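Student: Dropping in my_file.pdb, with PDB, C-alpha atoms, pLDDT in the B column.
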ATOM      1  CA  MET A 574      35.972 174.076 153.141  1.00 34.00           C
ATOM      2  CA  ASN A 575      37.237 177.557 153.889  1.00 48.00           C
ATOM      3  CA  LEU A 576      40.601 177.284 155.638  1.00 51.00           C
ATOM      4  CA  LEU A 577      39.754 180.285 157.834  1.00 50.00           C
ATOM      5  CA  ASP A 578      36.544 178.647 159.135  1.00 56.00           C
ATOM      6  CA  ASN A 579      38.595 176.218 161.171  1.00 61.00           C
ATOM      7  CA  GLY A 580      36.563 175.837 164.356  1.00 77.00           C
ATOM      8  CA  PHE A 581      39.382 177.257 166.488  1.00 88.00           C
ATOM      9  CA  SER A 582      38.846 179.765 169.260  1.00 92.00           C
ATOM     10  CA  GLY A 583      41.055 182.275 171.017  1.00 96.00           C
ATOM     11  CA  LEU A 584      44.025 184.306 169.914  1.00 97.00           C
ATOM     12  CA  ALA A 585      45.929 183.161 166.832  1.00 98.00           C
ATOM     13  CA  GLU A 586      49.593 183.831 166.179  1.00 98.00           C
ATOM     14  CA  LEU A 587      50.421 184.755 162.603  1.00 98.00           C
ATOM     15  CA  GLU A 588      53.456 185.534 160.507  1.00 98.00           C
ATOM     16  CA  TYR A 589      52.582 188.378 158.133  1.00 98.00           C
ATOM     17  CA  GLY A 590      53.931 188.335 154.600  1.00 98.00           C
ATOM     18  CA  ALA A 591      53.374 190.415 151.487  1.00 97.00           C
ATOM     19  CA  GLY A 592      49.757 189.742 150.574  1.00 94.00           C
ATOM     20  CA  GLU A 593      49.382 186.675 152.778  1.00 96.00           C
ATOM     21  CA  PHE A 594      49.832 185.414 156.298  1.00 97.00           C
ATOM     22  CA  MET A 595      50.852 182.092 157.778  1.00 97.00           C
ATOM     23  CA  VAL A 596      49.214 180.665 160.882  1.00 96.00           C
ATOM     24  CA  ILE A 597      51.857 179.870 163.516  1.00 97.00           C
ATOM     25  CA  ARG A 598      49.406 179.079 166.327  1.00 96.00           C
ATOM     26  CA  PRO A 599      45.779 178.378 165.366  1.00 96.00           C
ATOM     27  CA  GLY A 600      43.049 180.580 166.748  1.00 97.00           C
ATOM     28  CA  ALA A 601      39.958 182.523 165.756  1.00 96.00           C
ATOM     29  CA  HIS A 602      41.288 186.074 165.874  1.00 97.00           C
ATOM     30  CA  VAL A 603      44.229 188.458 166.258  1.00 98.00           C
ATOM     31  CA  LEU A 604      44.332 191.816 168.016  1.00 98.00           C
ATOM     32  CA  CYS A 605      44.560 195.174 166.291  1.00 98.00           C
ATOM     33  CA  ALA A 606      47.874 196.836 167.204  1.00 97.00           C
ATOM     34  CA  GLU A 607      46.226 200.271 167.206  1.00 97.00           C
ATOM     35  CA  THR A 608      42.838 199.681 168.861  1.00 97.00           C
ATOM     36  CA  GLY A 609      43.261 196.395 170.725  1.00 98.00           C
ATOM     37  CA  ARG A 610      40.023 195.122 169.157  1.00 98.00           C
ATOM     38  CA  GLN A 611      39.664 191.526 168.036  1.00 98.00           C
ATOM     39  CA  ILE A 612      39.893 190.842 164.304  1.00 98.00           C
ATOM     40  CA  PRO A 613      38.407 187.516 163.170  1.00 97.00           C
ATOM     41  CA  LEU A 614      40.870 185.862 160.798  1.00 96.00           C
ATOM     42  CA  HIS A 615      38.273 185.765 158.024  1.00 94.00           C
ATOM     43  CA  ASN A 616      38.088 189.599 158.220  1.00 97.00           C
ATOM     44  CA  LEU A 617      41.825 190.272 158.413  1.00 98.00           C
ATOM     45  CA  ALA A 618      42.851 192.512 155.523  1.00 98.00           C
ATOM     46  CA  TYR A 619      45.361 195.029 156.958  1.00 98.00           C
ATOM     47  CA  TRP A 620      48.758 194.321 158.497  1.00 98.00           C
ATOM     48  CA  SER A 621      52.365 195.429 158.532  1.00 98.00           C
ATOM     49  CA  VAL A 622      54.979 192.974 157.320  1.00 97.00           C
ATOM     50  CA  GLU A 623      57.754 195.147 158.778  1.00 96.00           C
ATOM     51  CA  LEU A 624      56.168 195.448 162.229  1.00 97.00           C
ATOM     52  CA  GLN A 625      54.420 192.040 162.179  1.00 98.00           C
ATOM     53  CA  GLU A 626      51.157 193.472 163.500  1.00 98.00           C
ATOM     54  CA  ALA A 627      47.532 193.551 162.364  1.00 98.00           C
ATOM     55  CA  TYR A 628      45.010 196.388 162.024  1.00 98.00           C
ATOM     56  CA  ILE A 629      41.243 196.271 162.121  1.00 98.00           C
ATOM     57  CA  ASP A 630      40.821 198.675 159.189  1.00 98.00           C
ATOM     58  CA  ALA A 631      42.630 201.176 156.985  1.00 98.00           C
ATOM     59  CA  ASP A 632      42.034 204.016 159.445  1.00 98.00           C
ATOM     60  CA  ALA A 633      43.750 202.082 162.249  1.00 98.00           C
ATOM     61  CA  ALA A 634      46.681 201.226 159.965  1.00 98.00           C
ATOM     62  CA  THR A 635      47.050 204.879 158.944  1.00 97.00           C
ATOM     63  CA  THR A 636      46.837 206.119 162.538  1.00 97.00           C
ATOM     64  CA  ARG A 637      49.501 203.594 163.600  1.00 96.00           C
ATOM     65  CA  TRP A 638      51.763 204.659 160.720  1.00 95.00           C
ATOM     66  CA  LYS A 639      51.370 208.346 161.608  1.00 95.00           C
ATOM     67  CA  THR A 640      52.160 207.626 165.267  1.00 93.00           C
ATOM     68  CA  LEU A 641      55.311 205.745 164.334  1.00 91.00           C
ATOM     69  CA  GLN A 642      56.401 208.547 161.970  1.00 91.00           C
ATOM     70  CA  SER A 643      56.015 211.178 164.694  1.00 90.00           C
ATOM     71  CA  ASP A 644      58.153 209.076 167.056  1.00 80.00           C
ATOM     72  CA  LYS A 645      61.147 209.259 164.683  1.00 73.00           C
TER      73      LYS A 645
END
Kindly present the structure from the file in structure tokens form.
Tutor:
Amino acid sequence: MNLLDNGFSGLAELEYGAGEFMVIRPGAHVLCAETGRQIPLHNLAYWSVELQEAYIDADAATTRWKTLQSDK
């Protein structure tokens, strides 16, 4: 059984680590910090450990990083 095919629905709460994440509150998806789009947990590949937020793809992660750099 795939641990990410858990039958849960709704928003999950995760703790993001280096190369892995831990499920704090079960759910089916998280929200992209840049786009607001839903990311199914089985598709989650991009996140920030420092900011504890997820991104739908590499472009969203890069855009978020650039935005944060310009705010400094």
Student: Rank A:Ala601, A:Ala591, A:Ala606, A:Ala585 by their smallest atom-to-atom distance to A:Ala633, using all atoms listed in the file, and report the top residue only.
Tutor: A:Ala606
Student: Step by step, work through what the PyMOL selection byres ((chain A and resi 596) around 8) selects in the shown file, and finish by giving those residues as a list in words.
Tutor: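 Selection result, ordered by chain and number: Ala585, Glu586, Leu587, Glu588, Phe594, Met595, Ile597, Arg598 and Pro599 of chain A.
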Student: May I have the residues from that selection written out with C-alpha atoms, as a PDB file, in the frame of the given file?
Tutor:
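Output contents, as saved in selection.pdb:
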ATOM      1  CA  ALA A 585      45.929 183.161 166.832  1.00 98.00           C
ATOM      2  CA  GLU A 586      49.593 183.831 166.179  1.00 98.00           C
ATOM      3  CA  LEU A 587      50.421 184.755 162.603  1.00 98.00           C
ATOM      4  CA  GLU A 588      53.456 185.534 160.507  1.00 98.00           C
ATOM      5  CA  PHE A 594      49.832 185.414 156.298  1.00 97.00           C
ATOM      6  CA  MET A 595      50.852 182.092 157.778  1.00 97.00           C
ATOM      7  CA  ILE A 597      51.857 179.870 163.516  1.00 97.00           C
ATOM      8  CA  ARG A 598      49.406 179.079 166.327  1.00 96.00           C
ATOM      9  CA  PRO A 599      45.779 178.378 165.366  1.00 96.00           C
TER      10      PRO A 599
END
Student: Can you list, as a list in words, every protein, DNA or RNA residue that comes within 12 Å of A:Leu624 when you count all atoms listed in the file, leaving out same-chain residues fewer than 4 positions away?
Tutor: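 My reading of the contact set: Glu588, Tyr589, Gly590, Ala606, Trp620, Tyr628, Ala634, Arg637, Trp638 and Leu641 of chain A.
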Student: Using all atoms listed in the file for the distances, tell me which of A:Ser621, A:Thr636, A:Gln642, A:Ile629 is nearest to A:Glu593.
Tutor: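 With all atoms listed in the file as the atom set, the closest residue is A:Ser621.
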Student: From the list A:Ala627, A:Glu607, A:Gly580, A:Gly600, which residue is nearest A:Thr640 when using all atoms listed in the file?
Tutor: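 Using all atoms listed in the file, A:Thr640 sits closest to A:Glu607.
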Student: So what do you get for atom CA of A:Asp632 versus atom CA of A:Phe581, distance-wise?
Tutor: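 That distance, rounded to one decimal, is 27.8 Å.
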Student: Name the residues that the PyMOL selection byres ((chain A and resi 614) around 9) pulls out of this structure, and write them as a list in words.
Tutor: Leu577, Asp578, Ala585, Gly600, Ala601, His602, Val603, Ile612, Pro613, His615, Asn616, Leu617 and Ala618 of chain A
Student: Quick check, in Å to one decimal: how far apart do atom CA of A:Asp630 and atom CA of A:Leu584 lie?
Tutor: 18.2 Å
